[in-house]
file structure-v9.cif (mmCIF, C-alpha atoms)
data_target
loop_
_atom_site.label_atom_id
_atom_site.label_comp_id
_atom_site.auth_asym_id
_atom_site.auth_seq_id
_atom_site.Cartn_x
_atom_site.Cartn_y
_atom_site.Cartn_z
CA MET A 1 -26.34 30.67 -65.69
CA THR A 2 -28.42 33.81 -65.20
CA ASP A 3 -31.66 31.85 -65.57
CA SER A 4 -30.64 29.59 -62.68
CA TYR A 5 -30.77 32.67 -60.42
CA LEU A 6 -33.62 34.59 -62.03
CA ALA A 7 -36.07 31.68 -62.22
CA PRO A 8 -36.14 30.95 -58.46
CA LEU A 9 -36.22 34.69 -57.75
CA TRP A 10 -39.15 35.27 -60.10
CA ILE A 11 -41.07 32.27 -58.75
CA SER A 12 -40.42 33.39 -55.16
CA LEU A 13 -41.53 36.97 -55.85
CA LYS A 14 -44.77 35.80 -57.49
CA THR A 15 -45.40 33.42 -54.62
CA VAL A 16 -44.52 35.96 -51.92
CA PHE A 17 -46.74 38.77 -53.15
CA THR A 18 -49.67 36.52 -54.08
CA ALA A 19 -49.54 34.65 -50.78
CA THR A 20 -49.11 37.85 -48.77
CA ALA A 21 -52.15 39.42 -50.42
CA ILE A 22 -54.24 36.35 -49.54
CA VAL A 23 -52.88 36.16 -45.98
CA PHE A 24 -53.49 39.88 -45.49
CA PHE A 25 -57.24 39.58 -45.98
CA LEU A 26 -57.58 36.17 -44.33
CA GLY A 27 -55.56 37.25 -41.31
CA ILE A 28 -57.45 40.51 -40.79
CA THR A 29 -60.81 38.77 -41.16
CA ALA A 30 -59.93 35.95 -38.76
CA ALA A 31 -58.30 38.28 -36.22
CA HIS A 32 -61.19 40.73 -36.16
CA TRP A 33 -63.79 37.99 -35.92
CA LEU A 34 -62.07 36.08 -33.12
CA SER A 35 -61.23 39.26 -31.19
CA ARG A 36 -65.01 39.82 -30.91
CA TYR A 37 -66.06 36.17 -30.59
CA SER A 38 -66.70 34.96 -27.04
CA GLY A 39 -68.09 31.46 -27.59
CA ARG A 40 -66.94 28.25 -25.94
CA LEU A 41 -64.85 27.23 -28.94
CA LYS A 42 -62.74 30.38 -28.94
CA ASP A 43 -59.61 28.70 -27.55
CA VAL A 44 -60.03 25.72 -29.88
CA ILE A 45 -60.36 27.94 -32.96
CA ASP A 46 -57.43 30.07 -31.82
CA GLY A 47 -55.34 26.92 -31.44
CA LEU A 48 -56.26 25.72 -34.92
CA PHE A 49 -55.30 29.07 -36.42
CA ILE A 50 -51.80 29.04 -34.89
CA LEU A 51 -51.23 25.27 -35.25
CA PRO A 52 -49.12 25.51 -38.46
CA MET A 53 -46.64 27.71 -36.59
CA VAL A 54 -45.87 25.08 -33.95
CA LEU A 55 -45.91 22.03 -36.22
CA PRO A 56 -42.85 21.02 -38.27
CA PRO A 57 -43.29 22.44 -41.81
CA THR A 58 -42.88 18.96 -43.31
CA VAL A 59 -45.83 17.75 -41.23
CA VAL A 60 -47.94 20.64 -42.50
CA GLY A 61 -46.77 19.91 -46.04
CA TYR A 62 -47.69 16.24 -45.71
CA ALA A 63 -51.15 17.17 -44.41
CA LEU A 64 -51.61 19.50 -47.39
CA LEU A 65 -50.42 16.73 -49.70
CA LEU A 66 -53.03 14.38 -48.28
CA PHE A 67 -55.71 17.06 -48.56
CA PHE A 68 -54.92 18.18 -52.12
CA GLY A 69 -53.70 14.82 -53.44
CA ARG A 70 -55.79 12.85 -55.91
CA HIS A 71 -57.31 10.77 -53.14
CA GLY A 72 -57.83 13.71 -50.76
CA PRO A 73 -61.12 15.60 -50.35
CA ALA A 74 -59.95 18.71 -52.19
CA GLY A 75 -57.98 16.67 -54.71
CA LYS A 76 -61.05 14.67 -55.74
CA ILE A 77 -63.07 17.83 -56.31
CA LEU A 78 -60.26 19.43 -58.33
CA ASP A 79 -59.77 16.23 -60.32
CA PHE A 80 -63.46 16.28 -61.26
CA PHE A 81 -62.87 19.64 -62.93
CA GLY A 82 -59.61 18.50 -64.50
CA ALA A 83 -57.44 20.59 -62.19
CA ASN A 84 -54.52 19.65 -59.98
CA ILE A 85 -52.73 21.55 -57.22
CA VAL A 86 -49.90 19.21 -56.29
CA PHE A 87 -46.57 20.03 -58.00
CA SER A 88 -47.98 23.25 -59.47
CA TRP A 89 -47.11 26.88 -58.85
CA TRP A 90 -50.31 27.32 -56.87
CA ALA A 91 -48.99 24.67 -54.48
CA THR A 92 -46.17 27.06 -53.53
CA VAL A 93 -48.76 29.77 -52.83
CA ILE A 94 -50.96 27.50 -50.70
CA ALA A 95 -47.99 26.25 -48.67
CA ALA A 96 -46.82 29.82 -48.09
CA VAL A 97 -50.31 31.00 -47.10
CA VAL A 98 -50.78 28.21 -44.56
CA MET A 99 -47.36 28.75 -42.97
CA ALA A 100 -47.57 32.57 -42.89
CA PHE A 101 -51.19 32.84 -41.72
CA PRO A 102 -50.47 32.28 -37.99
CA LEU A 103 -48.00 35.19 -37.91
CA MET A 104 -50.44 37.52 -39.63
CA TYR A 105 -53.35 36.38 -37.49
CA MET A 106 -51.60 36.56 -34.09
CA THR A 107 -49.97 39.95 -34.63
CA THR A 108 -53.11 41.50 -36.14
CA ARG A 109 -55.33 40.14 -33.39
CA SER A 110 -53.01 41.64 -30.78
CA ALA A 111 -53.21 44.99 -32.58
CA PHE A 112 -57.01 44.86 -32.65
CA GLU A 113 -57.21 44.00 -28.95
CA GLN A 114 -55.10 47.07 -28.09
CA VAL A 115 -57.62 49.44 -29.67
CA GLU A 116 -59.46 51.37 -26.96
CA PRO A 117 -63.01 49.90 -26.77
CA ASN A 118 -64.45 53.23 -25.61
CA ILE A 119 -63.53 54.82 -28.94
CA GLN A 120 -65.36 52.06 -30.81
CA SER A 121 -68.36 52.42 -28.49
CA ALA A 122 -68.43 56.17 -29.10
CA ALA A 123 -68.58 55.58 -32.85
CA ARG A 124 -71.48 53.17 -32.37
CA THR A 125 -73.41 55.64 -30.24
CA LEU A 126 -73.07 58.13 -33.09
CA GLY A 127 -74.86 55.69 -35.36
CA ALA A 128 -71.94 54.01 -37.11
CA SER A 129 -72.51 50.42 -38.21
CA GLU A 130 -70.09 47.68 -37.21
CA TRP A 131 -68.72 47.69 -40.75
CA ARG A 132 -68.05 51.43 -40.60
CA VAL A 133 -66.57 51.20 -37.09
CA PHE A 134 -64.11 48.62 -38.34
CA TRP A 135 -62.98 50.58 -41.42
CA THR A 136 -62.94 54.07 -39.89
CA VAL A 137 -61.91 53.38 -36.28
CA THR A 138 -60.55 49.90 -35.54
CA LEU A 139 -58.38 49.33 -38.60
CA PRO A 140 -56.80 52.84 -38.70
CA LEU A 141 -55.92 52.67 -34.99
CA ALA A 142 -54.51 49.16 -35.33
CA TRP A 143 -52.79 49.86 -38.64
CA PRO A 144 -49.16 50.01 -37.40
CA GLY A 145 -49.56 46.52 -35.93
CA VAL A 146 -51.37 45.26 -39.03
CA ALA A 147 -48.63 46.67 -41.27
CA ALA A 148 -45.93 45.02 -39.17
CA ALA A 149 -47.85 41.73 -39.32
CA THR A 150 -48.03 42.00 -43.10
CA VAL A 151 -44.27 42.51 -43.41
CA LEU A 152 -43.58 39.57 -41.10
CA ALA A 153 -45.95 37.39 -43.10
CA LEU A 154 -44.27 38.49 -46.32
CA ALA A 155 -40.85 37.52 -44.94
CA ARG A 156 -42.26 34.17 -43.79
CA THR A 157 -43.61 33.38 -47.23
CA LEU A 158 -40.17 34.02 -48.73
CA GLY A 159 -38.48 31.64 -46.29
CA GLU A 160 -40.99 28.81 -46.55
CA PHE A 161 -39.28 25.53 -47.46
CA GLY A 162 -40.59 22.34 -45.84
CA ALA A 163 -44.28 22.56 -46.72
CA THR A 164 -43.45 23.91 -50.18
CA LEU A 165 -41.11 21.02 -50.96
CA MET A 166 -43.71 18.47 -49.83
CA LEU A 167 -46.61 19.95 -51.79
CA ALA A 168 -44.96 21.64 -54.77
CA GLY A 169 -41.71 19.69 -55.15
CA ASN A 170 -38.65 20.97 -56.98
CA ILE A 171 -39.51 21.70 -60.60
CA PRO A 172 -37.03 24.24 -62.04
CA GLY A 173 -38.79 27.19 -63.60
CA LYS A 174 -42.13 26.18 -62.07
CA THR A 175 -42.09 25.44 -58.33
CA ALA A 176 -38.42 25.87 -57.34
CA THR A 177 -38.54 28.86 -55.00
CA ILE A 178 -35.34 30.37 -53.58
CA PRO A 179 -35.25 28.18 -50.42
CA VAL A 180 -35.88 25.03 -52.47
CA ALA A 181 -33.33 26.00 -55.12
CA LEU A 182 -30.84 26.81 -52.34
CA TYR A 183 -31.26 23.39 -50.76
CA PHE A 184 -30.70 21.54 -54.00
CA ALA A 185 -27.79 23.81 -54.96
CA ILE A 186 -26.06 22.81 -51.72
CA GLN A 187 -26.88 19.18 -52.37
CA ALA A 188 -25.31 19.46 -55.83
CA GLY A 189 -22.21 21.21 -54.47
CA ASP A 190 -22.92 24.44 -56.36
CA ASP A 191 -21.55 26.79 -53.70
CA GLN A 192 -21.59 29.86 -55.95
CA LYS A 193 -25.31 29.57 -56.68
CA ALA A 194 -26.04 28.81 -53.03
CA LEU A 195 -24.13 31.91 -51.89
CA VAL A 196 -25.95 34.19 -54.33
CA LEU A 197 -29.33 32.83 -53.22
CA VAL A 198 -28.38 33.28 -49.56
CA LEU A 199 -27.41 36.90 -50.20
CA ILE A 200 -30.74 37.54 -51.91
CA VAL A 201 -32.66 36.12 -48.95
CA LEU A 202 -30.55 38.08 -46.46
CA LEU A 203 -31.12 41.33 -48.33
CA PHE A 204 -34.86 40.73 -48.47
CA SER A 205 -35.01 39.71 -44.79
CA PHE A 206 -33.03 42.70 -43.53
CA THR A 207 -35.25 45.00 -45.57
CA SER A 208 -38.33 43.40 -44.02
CA LEU A 209 -36.92 43.81 -40.51
CA GLY A 210 -36.13 47.45 -41.25
CA ILE A 211 -39.71 48.07 -42.32
CA VAL A 212 -41.04 46.37 -39.17
CA GLY A 213 -38.75 48.55 -37.05
CA TYR A 214 -40.01 51.65 -38.84
CA TRP A 215 -43.63 50.77 -38.13
CA LYS A 216 -42.86 50.07 -34.48
CA ARG A 217 -41.21 53.46 -34.08
CA ARG A 218 -44.10 55.13 -35.86
CA SER A 219 -46.59 53.36 -33.61
CA ARG A 220 -44.74 54.38 -30.45
CA ARG A 221 -44.43 57.97 -31.70
CA ALA A 222 -48.15 58.07 -32.46
CA LYS A 223 -48.89 56.92 -28.91
CA GLY A 224 -46.60 59.59 -27.45
CA TYR A 225 -43.83 57.27 -26.26
CA ILE A 226 -41.30 58.94 -28.57
CA THR A 227 -41.18 62.70 -28.93
CA SER A 228 -38.33 63.08 -31.43
#

call {"tool": "encode", "arguments": {"input": "structure-v9.cif", "output": "structure tokens"}}
result
Amino acid sequence: MTDSYLAPLWISLKTVFTATAIVFFLGITAAHWLSRYSGRLKDVIDGLFILPMVLPPTVVGYALLLFFGRHGPAGKILDFFGANIVFSWWATVIAAVVMAFPLMYMTTRSAFEQVEPNIQSAARTLGASEWRVFWTVTLPLAWPGVAAATVLALARTLGEFGATLMLAGNIPGKTATIPVALYFAIQAGDDQKALVLVLIVLLFSFTSLGIVGYWKRRSRRAKGYITS
């Protein structure tokens, strides 16, 4: 009985922290690049980055299934090396990354755009390279927003269901994350297991919201909006 709770929890935790680490770097890179990019395709690229957020998760999952399936472009390459993504644990990570990326990207980009350009220009006039300006000026000033984006992305990876079910399926002990296990527990009429899984998700979600609230207050205090 305990394994039926621990297995989905363990799979979800591995997926959440792995996917969040990937989204963290991808989101920051994409947000910083597009915040400085001024080409004609800027709106198109921006739309592509946030597209998974406005599409139904099952549609995203089906697209990933076509892409990573045996007859898909990535699936053929992986099959050549004897590897397979579909119905594996890595499928849960990929689905979570794709669905959480728009949140990380949009929030981080907004944080970068709120950094005072004159401060960045001053660092450049003092001889700092773009790389150093980013790490010593832009990122520290935008950090409260980046941290909030990371927590939101982490919470999104935990709640991912549709794309995960399409790409990874429901394999107990392998790909059955908490949302997937919850769905099938309800389908099987196992109300006790469903309730426990719901409580776990609620606890995790409220904790995430509390952390986001903390970073917002810290950001406002740093900007002088809150004095106590």

call {"tool": "residues_around", "arguments": {"input": "structure-v9.cif", "residues": "region 32-49 of chain A", "least_positions_apart": "6", "cutoff": "7 Å", "atoms": "only C-alpha atoms", "output": "number ranges by chain"}}
result
A: 102, 109, 112-113

call {"tool": "closest_residue", "arguments": {"input": "structure-v9.cif", "among": "A:Val180, A:Leu154, A:Ala31, A:Ala163", "to": "Ala142 (chain A)", "atoms": "only C-alpha atoms"}}
result
A:Ala31

call {"tool": "closest_residue", "arguments": {"input": "structure-v9.cif", "among": "A:Gly159, A:Pro144, A:Ile28, A:Asn84", "to": "Leu202 (chain A)", "atoms": "all atoms listed in the file"}}
result
A:Gly159

call {"tool": "residues_around", "arguments": {"input": "structure-v9.cif", "residues": "Val97 (chain A)", "least_positions_apart": "5", "cutoff": "8 Å", "atoms": "all atoms listed in the file", "output": "short mmCIF file (atom, residue, chain, number, x, y, z; two decimals) with C-alpha atoms, keeping the file's coordinate frame"}}
result
data_model
loop_
_atom_site.label_atom_id
_atom_site.label_comp_id
_atom_site.auth_asym_id
_atom_site.auth_seq_id
_atom_site.Cartn_x
_atom_site.Cartn_y
_atom_site.Cartn_z
CA ALA A 19 -49.54 34.65 -50.78
CA THR A 20 -49.11 37.85 -48.77
CA ILE A 22 -54.24 36.35 -49.54
CA VAL A 23 -52.88 36.16 -45.98
CA THR A 157 -43.61 33.38 -47.23
#

call {"tool": "atom_distance", "arguments": {"input": "structure-v9.cif", "atom1": "CA of Lys193 (chain A)", "atom2": "CA of Thr175 (chain A)"}}
result
17.4 Å

call {"tool": "atom_distance", "arguments": {"input": "structure-v9.cif", "atom1": "CA of Glu160 (chain A)", "atom2": "CA of Thr29 (chain A)"}}
result
22.8 Å

call {"tool": "closest_residue", "arguments": {"input": "structure-v9.cif", "among": "A:Pro172, A:Gly162, A:Ala7, A:Met106", "to": "Ala30 (chain A)", "atoms": "only C-alpha atoms"}}
result
A:Met106

call {"tool": "axis_aligned_box", "arguments": {"input": "structure-v9.cif", "around": "region 155-161 of chain A", "padding_each_side": "8 Å", "output": "lines of an AutoDock Vina configuration file"}}
result
center_x = -41.0
center_y = 31.5
center_z = -46.3
size_x = 21.1
size_y = 28.0
size_z = 20.9

call {"tool": "closest_residue", "arguments": {"input": "structure-v9.cif", "among": "A:Leu141, A:Gln120, A:Ser12, A:Ala128", "to": "Gly173 (chain A)", "atoms": "all atoms listed in the file"}}
result
A:Ser12

call {"tool": "residues_around", "arguments": {"input": "structure-v9.cif", "residues": "Thr150 (chain A)", "least_positions_apart": "3", "cutoff": "9 Å", "atoms": "all atoms listed in the file", "output": "list in words"}}
result
Thr20, Ala21, Val23, Phe24, Leu103, Met104, Thr107, Thr108, Gly145, Val146, Ala147, Ala153, Leu154 and Ala155 of chain A

call {"tool": "resolve_selection", "arguments": {"input": "structure-v9.cif", "expression": "the PyMOL selection byres ((chain A and resi 11) around 9)", "output": "ChimeraX atom specification"}}
result
/A:6-10,12-16,89,92,173-178

call {"tool": "resolve_selection", "arguments": {"input": "structure-v9.cif", "expression": "the PyMOL selection byres ((chain A and resi 211) around 12)", "output": "list in words"}}
result
Pro144, Gly145, Ala147, Ala148, Ala149, Thr150, Val151, Leu152, Leu154, Ala155, Phe204, Ser205, Phe206, Thr207, Ser208, Leu209, Gly210, Val212, Gly213, Tyr214, Trp215, Lys216, Arg217 and Arg218 of chain A

call {"tool": "resolve_selection", "arguments": {"input": "structure-v9.cif", "expression": "the PyMOL selection byres ((chain A and resi 64-72) around 10)", "output": "JSON, numbers by chain"}}
result
{"A": [58, 59, 60, 61, 62, 63, 73, 74, 75, 76, 77, 78, 79, 80, 84, 85, 86, 87, 91, 94, 95, 98, 163, 164, 166, 167, 168]}

call {"tool": "write_last_selection", "arguments": {"input": "structure-v9.cif", "atoms": "C-alpha atoms", "output": "compact mmCIF listing (two decimals), keeping the file's coordinate frame"}}
result
# COMPACT_ATOMS: atom_id res chain seq x y z
CA THR A 58 -42.88 18.96 -43.31
CA VAL A 59 -45.83 17.75 -41.23
CA VAL A 60 -47.94 20.64 -42.50
CA GLY A 61 -46.77 19.91 -46.04
CA TYR A 62 -47.69 16.24 -45.71
CA ALA A 63 -51.15 17.17 -44.41
CA PRO A 73 -61.12 15.60 -50.35
CA ALA A 74 -59.95 18.71 -52.19
CA GLY A 75 -57.98 16.67 -54.71
CA LYS A 76 -61.05 14.67 -55.74
CA ILE A 77 -63.07 17.83 -56.31
CA LEU A 78 -60.26 19.43 -58.33
CA ASP A 79 -59.77 16.23 -60.32
CA PHE A 80 -63.46 16.28 -61.26
CA ASN A 84 -54.52 19.65 -59.98
CA ILE A 85 -52.73 21.55 -57.22
CA VAL A 86 -49.90 19.21 -56.29
CA PHE A 87 -46.57 20.03 -58.00
CA ALA A 91 -48.99 24.67 -54.48
CA ILE A 94 -50.96 27.50 -50.70
CA ALA A 95 -47.99 26.25 -48.67
CA VAL A 98 -50.78 28.21 -44.56
CA ALA A 163 -44.28 22.56 -46.72
CA THR A 164 -43.45 23.91 -50.18
CA MET A 166 -43.71 18.47 -49.83
CA LEU A 167 -46.61 19.95 -51.79
CA ALA A 168 -44.96 21.64 -54.77

call {"tool": "atom_distance", "arguments": {"input": "structure-v9.cif", "atom1": "CA of Val198 (chain A)", "atom2": "CA of Met99 (chain A)"}}
result
20.6 Å

call {"tool": "closest_residue", "arguments": {"input": "structure-v9.cif", "among": "A:Ala100, A:Leu126, A:Leu182, A:Met53", "to": "Leu26 (chain A)", "atoms": "all atoms listed in the file"}}
result
A:Ala100

call {"tool": "closest_residue", "arguments": {"input": "structure-v9.cif", "among": "A:Thr136, A:Ser110, A:Thr125, A:Asn170", "to": "Phe184 (chain A)", "atoms": "all atoms listed in the file"}}
result
A:Asn170
